[in-house]
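> Contents of target25.pdb (PDB, C-alpha atoms, pLDDT in the B column) are given next:
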```pdb
ATOM      1  CA  GLU A  16      80.277  94.058 103.251  1.00 81.00           C
ATOM      2  CA  ALA A  17      83.290  94.278 105.568  1.00 81.00           C
ATOM      3  CA  GLN A  18      83.954  97.895 106.402  1.00 91.00           C
ATOM      4  CA  VAL A  19      85.093 100.555 108.818  1.00 95.00           C
ATOM      5  CA  THR A  20      82.649 103.458 108.981  1.00 96.00           C
ATOM      6  CA  GLN A  21      83.534 106.913 110.237  1.00 96.00           C
ATOM      7  CA  ASN A  22      81.297 109.902 110.844  1.00 96.00           C
ATOM      8  CA  PRO A  23      81.269 112.725 110.081  1.00 96.00           C
ATOM      9  CA  ARG A  24      83.322 112.683 106.894  1.00 95.00           C
ATOM     10  CA  TYR A  25      83.738 116.457 106.948  1.00 96.00           C
ATOM     11  CA  LEU A  26      83.452 118.873 109.839  1.00 95.00           C
ATOM     12  CA  ILE A  27      84.262 122.532 110.372  1.00 95.00           C
ATOM     13  CA  THR A  28      84.180 123.664 113.982  1.00 94.00           C
ATOM     14  CA  VAL A  29      85.525 126.405 116.233  1.00 95.00           C
ATOM     15  CA  THR A  30      88.176 126.347 118.912  1.00 96.00           C
ATOM     16  CA  GLY A  31      86.979 124.855 122.172  1.00 95.00           C
ATOM     17  CA  LYS A  32      83.767 123.248 120.955  1.00 96.00           C
ATOM     18  CA  LYS A  33      83.790 119.580 121.962  1.00 96.00           C
ATOM     19  CA  LEU A  34      83.314 117.081 119.184  1.00 96.00           C
ATOM     20  CA  THR A  35      83.266 113.338 118.669  1.00 97.00           C
ATOM     21  CA  VAL A  36      84.205 111.387 115.574  1.00 98.00           C
ATOM     22  CA  THR A  37      82.593 107.963 115.571  1.00 98.00           C
ATOM     23  CA  CYS A  38      84.115 104.778 114.204  1.00 98.00           C
ATOM     24  CA  SER A  39      82.432 101.422 113.791  1.00 98.00           C
ATOM     25  CA  GLN A  40      83.656  98.145 112.266  1.00 97.00           C
ATOM     26  CA  ASN A  41      81.649  95.043 111.356  1.00 95.00           C
ATOM     27  CA  MET A  42      84.495  92.524 111.125  1.00 93.00           C
ATOM     28  CA  ASN A  43      84.679  91.526 114.801  1.00 92.00           C
ATOM     29  CA  HIS A  44      88.240  92.852 114.981  1.00 91.00           C
ATOM     30  CA  GLU A  45      89.866  93.082 118.397  1.00 90.00           C
ATOM     31  CA  TYR A  46      92.255  95.862 117.485  1.00 90.00           C
ATOM     32  CA  MET A  47      91.209  99.416 116.593  1.00 93.00           C
ATOM     33  CA  SER A  48      93.258 102.542 116.161  1.00 94.00           C
ATOM     34  CA  TRP A  49      93.070 106.213 115.248  1.00 96.00           C
ATOM     35  CA  TYR A  50      95.586 107.958 112.988  1.00 95.00           C
ATOM     36  CA  ARG A  51      95.932 111.503 111.784  1.00 96.00           C
ATOM     37  CA  GLN A  52      97.358 112.297 108.380  1.00 92.00           C
ATOM     38  CA  ASP A  53      99.246 115.516 107.763  1.00 91.00           C
ATOM     39  CA  PRO A  54     101.148 116.523 104.607  1.00 84.00           C
ATOM     40  CA  GLY A  55     104.706 115.193 104.561  1.00 78.00           C
ATOM     41  CA  LEU A  56     104.272 113.416 107.902  1.00 84.00           C
ATOM     42  CA  GLY A  57     102.400 110.353 106.741  1.00 84.00           C
ATOM     43  CA  LEU A  58     100.039 108.830 109.284  1.00 89.00           C
ATOM     44  CA  ARG A  59     100.707 109.107 112.991  1.00 92.00           C
ATOM     45  CA  GLN A  60      98.959 107.002 115.582  1.00 92.00           C
ATOM     46  CA  ILE A  61      96.827 108.837 118.156  1.00 96.00           C
ATOM     47  CA  TYR A  62      95.353 106.037 120.283  1.00 95.00           C
ATOM     48  CA  TYR A  63      94.766 102.347 119.937  1.00 92.00           C
ATOM     49  CA  SER A  64      92.763  99.617 121.597  1.00 93.00           C
ATOM     50  CA  MET A  65      93.588  95.928 121.859  1.00 88.00           C
ATOM     51  CA  ASN A  66      90.092  94.983 123.074  1.00 89.00           C
ATOM     52  CA  VAL A  67      87.036  96.225 124.938  1.00 94.00           C
ATOM     53  CA  GLU A  68      87.966  98.542 127.823  1.00 93.00           C
ATOM     54  CA  VAL A  69      91.671  98.383 126.836  1.00 92.00           C
ATOM     55  CA  THR A  70      93.083 101.573 125.320  1.00 94.00           C
ATOM     56  CA  ASP A  71      96.542 103.083 125.109  1.00 92.00           C
ATOM     57  CA  LYS A  72      98.315 106.138 123.794  1.00 93.00           C
ATOM     58  CA  GLY A  73      99.979 106.237 120.428  1.00 91.00           C
ATOM     59  CA  ASP A  74     102.573 108.728 119.282  1.00 90.00           C
ATOM     60  CA  VAL A  75     100.447 111.903 119.312  1.00 95.00           C
ATOM     61  CA  PRO A  76      97.711 111.517 121.982  1.00 96.00           C
ATOM     62  CA  GLU A  77      97.701 115.078 123.354  1.00 96.00           C
ATOM     63  CA  GLY A  78      94.297 116.739 123.065  1.00 97.00           C
ATOM     64  CA  TYR A  79      92.413 113.517 122.307  1.00 98.00           C
ATOM     65  CA  LYS A  80      90.440 110.928 124.242  1.00 97.00           C
ATOM     66  CA  VAL A  81      89.003 107.580 123.223  1.00 97.00           C
ATOM     67  CA  SER A  82      86.777 104.907 124.685  1.00 96.00           C
ATOM     68  CA  ARG A  83      86.101 101.254 123.836  1.00 97.00           C
ATOM     69  CA  LYS A  84      82.886 100.199 125.519  1.00 97.00           C
ATOM     70  CA  GLU A  85      81.873  97.839 122.726  1.00 96.00           C
ATOM     71  CA  LYS A  86      84.015  95.778 120.420  1.00 96.00           C
ATOM     72  CA  ARG A  87      82.707  97.365 117.239  1.00 97.00           C
ATOM     73  CA  ASN A  88      82.946 101.057 118.242  1.00 98.00           C
ATOM     74  CA  PHE A  89      85.936 103.277 118.964  1.00 98.00           C
ATOM     75  CA  PRO A  90      85.006 106.988 119.096  1.00 98.00           C
ATOM     76  CA  LEU A  91      87.606 109.758 119.054  1.00 98.00           C
ATOM     77  CA  ILE A  92      86.824 112.684 121.331  1.00 98.00           C
ATOM     78  CA  LEU A  93      88.276 116.173 121.103  1.00 97.00           C
ATOM     79  CA  GLU A  94      87.301 117.846 124.369  1.00 94.00           C
ATOM     80  CA  SER A  95      88.573 121.316 123.409  1.00 96.00           C
ATOM     81  CA  PRO A  96      89.698 121.356 119.787  1.00 97.00           C
ATOM     82  CA  SER A  97      92.456 123.710 118.697  1.00 97.00           C
ATOM     83  CA  PRO A  98      93.567 124.764 115.196  1.00 96.00           C
ATOM     84  CA  ASN A  99      96.607 122.418 115.320  1.00 96.00           C
ATOM     85  CA  GLN A 100      94.137 119.533 115.347  1.00 97.00           C
ATOM     86  CA  THR A 101      93.011 120.446 111.855  1.00 97.00           C
ATOM     87  CA  SER A 102      93.803 117.255 109.993  1.00 97.00           C
ATOM     88  CA  LEU A 103      92.522 114.196 108.180  1.00 95.00           C
ATOM     89  CA  TYR A 104      91.658 111.427 110.625  1.00 97.00           C
ATOM     90  CA  PHE A 105      91.498 107.712 109.927  1.00 95.00           C
ATOM     91  CA  CYS A 106      90.096 104.910 112.007  1.00 96.00           C
ATOM     92  CA  ALA A 107      91.460 101.425 111.372  1.00 94.00           C
ATOM     93  CA  SER A 108      90.896  97.912 112.672  1.00 92.00           C
ATOM     94  CA  SER A 109      92.491  94.497 112.432  1.00 88.00           C
ATOM     95  CA  LEU A 110      92.679  91.047 113.886  1.00 83.00           C
ATOM     96  CA  LEU A 111      95.274  90.514 116.588  1.00 75.00           C
ATOM     97  CA  THR A 112      96.257  86.976 115.699  1.00 68.00           C
ATOM     98  CA  GLY A 113      96.807  84.857 112.628  1.00 58.00           C
ATOM     99  CA  ALA A 114      98.502  85.338 109.313  1.00 53.00           C
ATOM    100  CA  ASN A 115      96.943  88.741 108.762  1.00 57.00           C
ATOM    101  CA  THR A 116      98.269  90.348 111.898  1.00 62.00           C
ATOM    102  CA  GLY A 117      99.315  93.898 111.087  1.00 66.00           C
ATOM    103  CA  GLU A 118      96.959  94.220 108.141  1.00 81.00           C
ATOM    104  CA  LEU A 119      94.830  97.212 108.956  1.00 87.00           C
ATOM    105  CA  PHE A 120      91.456  97.999 107.416  1.00 91.00           C
ATOM    106  CA  PHE A 121      90.873 101.740 107.150  1.00 92.00           C
ATOM    107  CA  GLY A 122      87.815 103.915 107.142  1.00 94.00           C
ATOM    108  CA  GLU A 123      87.371 106.574 104.463  1.00 92.00           C
ATOM    109  CA  GLY A 124      88.628 109.368 106.662  1.00 94.00           C
ATOM    110  CA  SER A 125      87.190 112.385 108.474  1.00 96.00           C
ATOM    111  CA  ARG A 126      88.453 115.794 107.459  1.00 96.00           C
ATOM    112  CA  LEU A 127      88.343 118.147 110.434  1.00 97.00           C
ATOM    113  CA  THR A 128      88.924 121.899 110.310  1.00 97.00           C
ATOM    114  CA  VAL A 129      89.196 123.847 113.554  1.00 96.00           C
ATOM    115  CA  LEU A 130      88.887 127.623 113.162  1.00 95.00           C
TER     116      LEU A 130
ATOM    117  CA  GLY B  13     112.476 104.195 117.625  1.00 82.00           C
ATOM    118  CA  ASP B  14     111.047 102.674 114.488  1.00 87.00           C
ATOM    119  CA  SER B  15     110.921 104.817 111.365  1.00 91.00           C
ATOM    120  CA  VAL B  16     110.245 104.613 107.648  1.00 94.00           C
ATOM    121  CA  THR B  17     111.733 106.877 104.991  1.00 94.00           C
ATOM    122  CA  GLN B  18     110.383 107.001 101.486  1.00 93.00           C
ATOM    123  CA  MET B  19     111.122 109.190  98.523  1.00 87.00           C
ATOM    124  CA  GLU B  20     109.234 112.432  98.327  1.00 83.00           C
ATOM    125  CA  GLY B  21     106.887 113.080  95.474  1.00 85.00           C
ATOM    126  CA  PRO B  22     105.191 113.927  93.430  1.00 93.00           C
ATOM    127  CA  VAL B  23     106.320 111.403  90.888  1.00 96.00           C
ATOM    128  CA  THR B  24     104.900 112.120  87.449  1.00 96.00           C
ATOM    129  CA  LEU B  25     105.009 109.400  84.809  1.00 96.00           C
ATOM    130  CA  SER B  26     103.554 108.619  81.428  1.00 97.00           C
ATOM    131  CA  GLU B  27     101.340 105.590  80.989  1.00 97.00           C
ATOM    132  CA  GLU B  28     103.286 102.330  80.530  1.00 96.00           C
ATOM    133  CA  ALA B  29     106.381 103.771  82.210  1.00 97.00           C
ATOM    134  CA  PHE B  30     108.315 101.903  84.915  1.00 97.00           C
ATOM    135  CA  LEU B  31     107.669 102.990  88.493  1.00 97.00           C
ATOM    136  CA  THR B  32     110.002 102.672  91.466  1.00 97.00           C
ATOM    137  CA  ILE B  33     109.352 104.152  94.891  1.00 97.00           C
ATOM    138  CA  ASN B  34     112.211 103.770  97.343  1.00 97.00           C
ATOM    139  CA  CYS B  35     111.565 102.850 100.964  1.00 97.00           C
ATOM    140  CA  THR B  36     114.051 102.236 103.763  1.00 97.00           C
ATOM    141  CA  TYR B  37     113.387 101.527 107.400  1.00 96.00           C
ATOM    142  CA  THR B  38     114.882 101.315 110.869  1.00 95.00           C
ATOM    143  CA  ALA B  39     113.335  99.020 113.421  1.00 91.00           C
ATOM    144  CA  THR B  40     114.174  97.786 116.908  1.00 84.00           C
ATOM    145  CA  GLY B  41     112.776  94.330 116.221  1.00 80.00           C
ATOM    146  CA  TYR B  42     112.188  92.156 113.181  1.00 85.00           C
ATOM    147  CA  PRO B  43     109.494  93.994 111.255  1.00 90.00           C
ATOM    148  CA  SER B  44     106.822  93.020 108.801  1.00 90.00           C
ATOM    149  CA  LEU B  45     106.752  95.434 105.865  1.00 94.00           C
ATOM    150  CA  PHE B  46     103.778  96.812 103.971  1.00 94.00           C
ATOM    151  CA  TRP B  47     102.805  99.032 101.101  1.00 96.00           C
ATOM    152  CA  TYR B  48      99.458 100.792 101.390  1.00 95.00           C
ATOM    153  CA  VAL B  49      97.786 102.796  98.618  1.00 96.00           C
ATOM    154  CA  GLN B  50      95.406 105.721  99.008  1.00 92.00           C
ATOM    155  CA  TYR B  51      93.275 106.631  96.004  1.00 93.00           C
ATOM    156  CA  PRO B  52      91.823 110.152  95.876  1.00 88.00           C
ATOM    157  CA  GLY B  53      89.143 110.692  98.494  1.00 84.00           C
ATOM    158  CA  GLU B  54      89.489 107.223  99.980  1.00 86.00           C
ATOM    159  CA  GLY B  55      91.075 105.513 102.948  1.00 87.00           C
ATOM    160  CA  LEU B  56      94.221 103.430 102.760  1.00 90.00           C
ATOM    161  CA  GLN B  57      94.160  99.934 101.333  1.00 92.00           C
ATOM    162  CA  LEU B  58      96.765  97.245 101.754  1.00 92.00           C
ATOM    163  CA  LEU B  59      98.607  96.779  98.460  1.00 96.00           C
ATOM    164  CA  LEU B  60     101.145  94.122  99.434  1.00 95.00           C
ATOM    165  CA  LYS B  61     103.200  92.872 102.334  1.00 93.00           C
ATOM    166  CA  ALA B  62     106.245  90.779 103.271  1.00 93.00           C
ATOM    167  CA  THR B  63     106.895  89.256 106.667  1.00 89.00           C
ATOM    168  CA  LYS B  64     110.466  87.971 106.452  1.00 90.00           C
ATOM    169  CA  ALA B  65     113.745  88.613 104.699  1.00 93.00           C
ATOM    170  CA  ASP B  66     113.839  87.897 100.942  1.00 95.00           C
ATOM    171  CA  ASP B  67     110.053  87.564 100.780  1.00 95.00           C
ATOM    172  CA  LYS B  68     108.501  89.224  97.734  1.00 97.00           C
ATOM    173  CA  GLY B  69     105.063  90.753  98.070  1.00 95.00           C
ATOM    174  CA  SER B  70     103.060  91.247  94.900  1.00 96.00           C
ATOM    175  CA  ASN B  71      99.616  92.478  93.883  1.00 96.00           C
ATOM    176  CA  LYS B  72      98.038  94.243  90.882  1.00 95.00           C
ATOM    177  CA  GLY B  73     101.358  94.181  89.015  1.00 96.00           C
ATOM    178  CA  PHE B  74     103.238  95.804  91.910  1.00 98.00           C
ATOM    179  CA  GLU B  75     106.144  94.049  93.616  1.00 98.00           C
ATOM    180  CA  ALA B  76     108.419  94.705  96.576  1.00 98.00           C
ATOM    181  CA  THR B  77     111.168  92.540  98.067  1.00 97.00           C
ATOM    182  CA  TYR B  78     112.115  92.555 101.753  1.00 97.00           C
ATOM    183  CA  ARG B  79     115.863  93.283 101.809  1.00 96.00           C
ATOM    184  CA  LYS B  80     117.166  92.926 105.335  1.00 94.00           C
ATOM    185  CA  GLU B  81     120.789  93.648 104.413  1.00 95.00           C
ATOM    186  CA  THR B  82     119.879  97.057 103.004  1.00 96.00           C
ATOM    187  CA  THR B  83     116.804  97.590 105.243  1.00 96.00           C
ATOM    188  CA  SER B  84     114.759  98.382 102.171  1.00 97.00           C
ATOM    189  CA  PHE B  85     111.387  97.517 100.649  1.00 98.00           C
ATOM    190  CA  HIS B  86     111.226  99.340  97.312  1.00 98.00           C
ATOM    191  CA  LEU B  87     107.983  99.271  95.352  1.00 98.00           C
ATOM    192  CA  GLU B  88     108.082  98.599  91.601  1.00 98.00           C
ATOM    193  CA  LYS B  89     105.667  98.260  88.724  1.00 97.00           C
ATOM    194  CA  GLY B  90     106.716  97.562  85.188  1.00 95.00           C
ATOM    195  CA  SER B  91     103.978  99.397  83.296  1.00 95.00           C
ATOM    196  CA  VAL B  92     101.802 101.920  85.110  1.00 97.00           C
ATOM    197  CA  GLN B  93      98.284 102.951  84.158  1.00 96.00           C
ATOM    198  CA  VAL B  94      96.376 106.165  84.770  1.00 96.00           C
ATOM    199  CA  SER B  95      94.379 104.267  87.401  1.00 95.00           C
ATOM    200  CA  ASP B  96      97.588 103.813  89.439  1.00 97.00           C
ATOM    201  CA  SER B  97      97.573 107.524  90.281  1.00 96.00           C
ATOM    202  CA  ALA B  98      97.460 107.589  94.072  1.00 96.00           C
ATOM    203  CA  VAL B  99      99.512 108.165  97.198  1.00 94.00           C
ATOM    204  CA  TYR B 100     101.654 105.200  98.242  1.00 96.00           C
ATOM    205  CA  PHE B 101     102.740 104.605 101.825  1.00 94.00           C
ATOM    206  CA  CYS B 102     105.473 102.301 103.025  1.00 95.00           C
ATOM    207  CA  ALA B 103     104.940 100.997 106.560  1.00 93.00           C
ATOM    208  CA  LEU B 104     106.337  98.576 109.102  1.00 91.00           C
ATOM    209  CA  SER B 105     104.947  96.657 112.035  1.00 87.00           C
ATOM    210  CA  VAL B 106     106.918  95.093 114.843  1.00 80.00           C
ATOM    211  CA  ARG B 107     105.283  92.286 116.772  1.00 69.00           C
ATOM    212  CA  ALA B 108     106.417  93.700 120.108  1.00 60.00           C
ATOM    213  CA  ALA B 109     104.500  96.901 119.316  1.00 61.00           C
ATOM    214  CA  GLY B 110     101.196  95.087 118.800  1.00 64.00           C
ATOM    215  CA  ASN B 111      99.481  95.998 115.568  1.00 70.00           C
ATOM    216  CA  LYS B 112     100.909  99.494 115.366  1.00 79.00           C
ATOM    217  CA  LEU B 113     101.927 100.519 111.877  1.00 85.00           C
ATOM    218  CA  THR B 114     104.708 103.080 111.482  1.00 88.00           C
ATOM    219  CA  PHE B 115     104.273 104.928 108.193  1.00 90.00           C
ATOM    220  CA  GLY B 116     106.524 106.801 105.849  1.00 92.00           C
ATOM    221  CA  GLY B 117     105.494 110.237 104.636  1.00 90.00           C
ATOM    222  CA  GLY B 118     103.800 108.970 101.485  1.00 92.00           C
ATOM    223  CA  THR B 119     104.668 109.405  97.809  1.00 94.00           C
ATOM    224  CA  ARG B 120     102.143 110.887  95.421  1.00 94.00           C
ATOM    225  CA  VAL B 121     102.212 109.302  91.960  1.00 97.00           C
ATOM    226  CA  LEU B 122     100.538 110.906  88.972  1.00 96.00           C
ATOM    227  CA  VAL B 123     100.281 108.915  85.744  1.00 97.00           C
ATOM    228  CA  LYS B 124      99.446 110.887  82.626  1.00 96.00           C
ATOM    229  CA  PRO B 125      97.865 109.359  79.522  1.00 94.00           C
TER     230      PRO B 125
END
```
For this file, write the structure as structure tokens.

Amino acid sequence: EAQVTQNPRYLITVTGKKLTVTCSQNMNHEYMSWYRQDPGLGLRQIYYSMNVEVTDKGDVPEGYKVSRKEKRNFPLILESPSPNQTSLYFCASSLLTGANTGELFFGEGSRLTVL
Amino acid sequence: GDSVTQMEGPVTLSEEAFLTINCTYTATGYPSLFWYVQYPGEGLQLLLKATKADDKGSNKGFEATYRKETTSFHLEKGSVQVSDSAVYFCALSVRAAGNKLTFGGGTRVLVKP
């Protein structure tokens, strides 16, 4: 089954404690991206990657890091989480070429609370 | 920059009612337009899309027409069901920006039996 898998789905942590949210896709997609969803703001892009070892900042990258060492994985790293990073996070992937360009496949989301 | 504006919710309807969710956009290039749907506790799923002016996207009884002259992409369904209760997001993608989707704020729809 084609899917984007995120872990953990729910996490409560404390300020300053490093955490990683993993994301894996099994569709051989070149493009992967992280979004955060906040009430009334829709989804905002944090980072994206066009291919292995190629990453770039989105609209709200402050406080986050990513890496793309393998095509299927795109972890999101919060080195020193703060309460304003409490949010619902989505990983997404897509092909870069063809008729379906721009059609993103989303994971189920990871709800993060930073106390 | 690129932006998407959609009507705020929640929108509460009775079953079999007509649904319209307004969406307008501004874009620096020639965008593709999308509607995504998020059911409770799930990630977003593509509902429909249109890639050029006057195209009509349709799926599951939902329709939206790409109107370049009014920079709009309104979502409609003629007869909603309880199972259509969800949050709906309008989004755009500009080729020059890679695969980045710019989303509206989302509209929550609640359909009552």
> Counting all atoms listed in the file, figure out which residue out of B:Gly55, B:Gly73, B:Gly90, B:Pro125 gets nearest to Gln52 (chain A).
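Of B:Gly55, B:Gly73, B:Gly90, B:Pro125, the one nearest Gln52 (chain A) is B:Gly55, counting all atoms listed in the file.
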> What gap, in Å, lies between CA of Leu104 (chain B) and CA of Glu16 (chain A)?
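Rounded to one decimal, the two atoms are 27.1 Å apart.
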> Step by step, work through what the PyMOL selection byres ((chain A) within 10 of (chain B)) selects in the shown file, and finish by giving those residues as a VMD selection string.
chain A and resid 19 46 to 48 50 52 to 60 62 to 65 73 to 74 104 to 112 114 to 125
> Grab the CA of Glu81 (chain B) to CA of Thr36 (chain B) distance for me, in Å with one decimal place.
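Computing it gives 10.9 Å between the two atoms.
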> Can you tell me how far CA of Val121 (chain B) sits from CA of Thr32 (chain B), in Å to one decimal?
10.2 Å
> Would you kindly translate the PyMOL selection byres ((chain A and resi 99) around 12) into the concrete residues it picks from this file, as a count of residues only?
20
> Return as a PyMOL selection string the set of residues that the PyMOL selection byres ((chain B and resi 123) around 6) yields on the displayed structure.
chain B and resi 24-27+94+97+122+124
> Find, counting all atoms listed in the file, the residue in B:Gly41, B:Cys35, B:Glu28, B:Asp67 that gets nearest to Lys89 (chain B).
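The answer is B:Glu28, which sits nearest to Lys89 (chain B).
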> Can you find the residues with an atom no farther than 7 Å from (82.2, 98.1, 108.4), counting only C-alpha atoms, and report them as a list in words?
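Here the neighbourhood of the point contains Glu16, Ala17, Gln18, Val19, Thr20, Ser39, Gln40, Asn41 and Met42 of chain A.
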> I'd like the neighbourhood of Leu59 (chain B) as number ranges by chain, where a residue qualifies if any of its atoms comes within 9 Å (using only C-alpha atoms), though same-chain residues fewer than 4 positions away should be ignored.
B: 46-49, 69-72, 74, 100
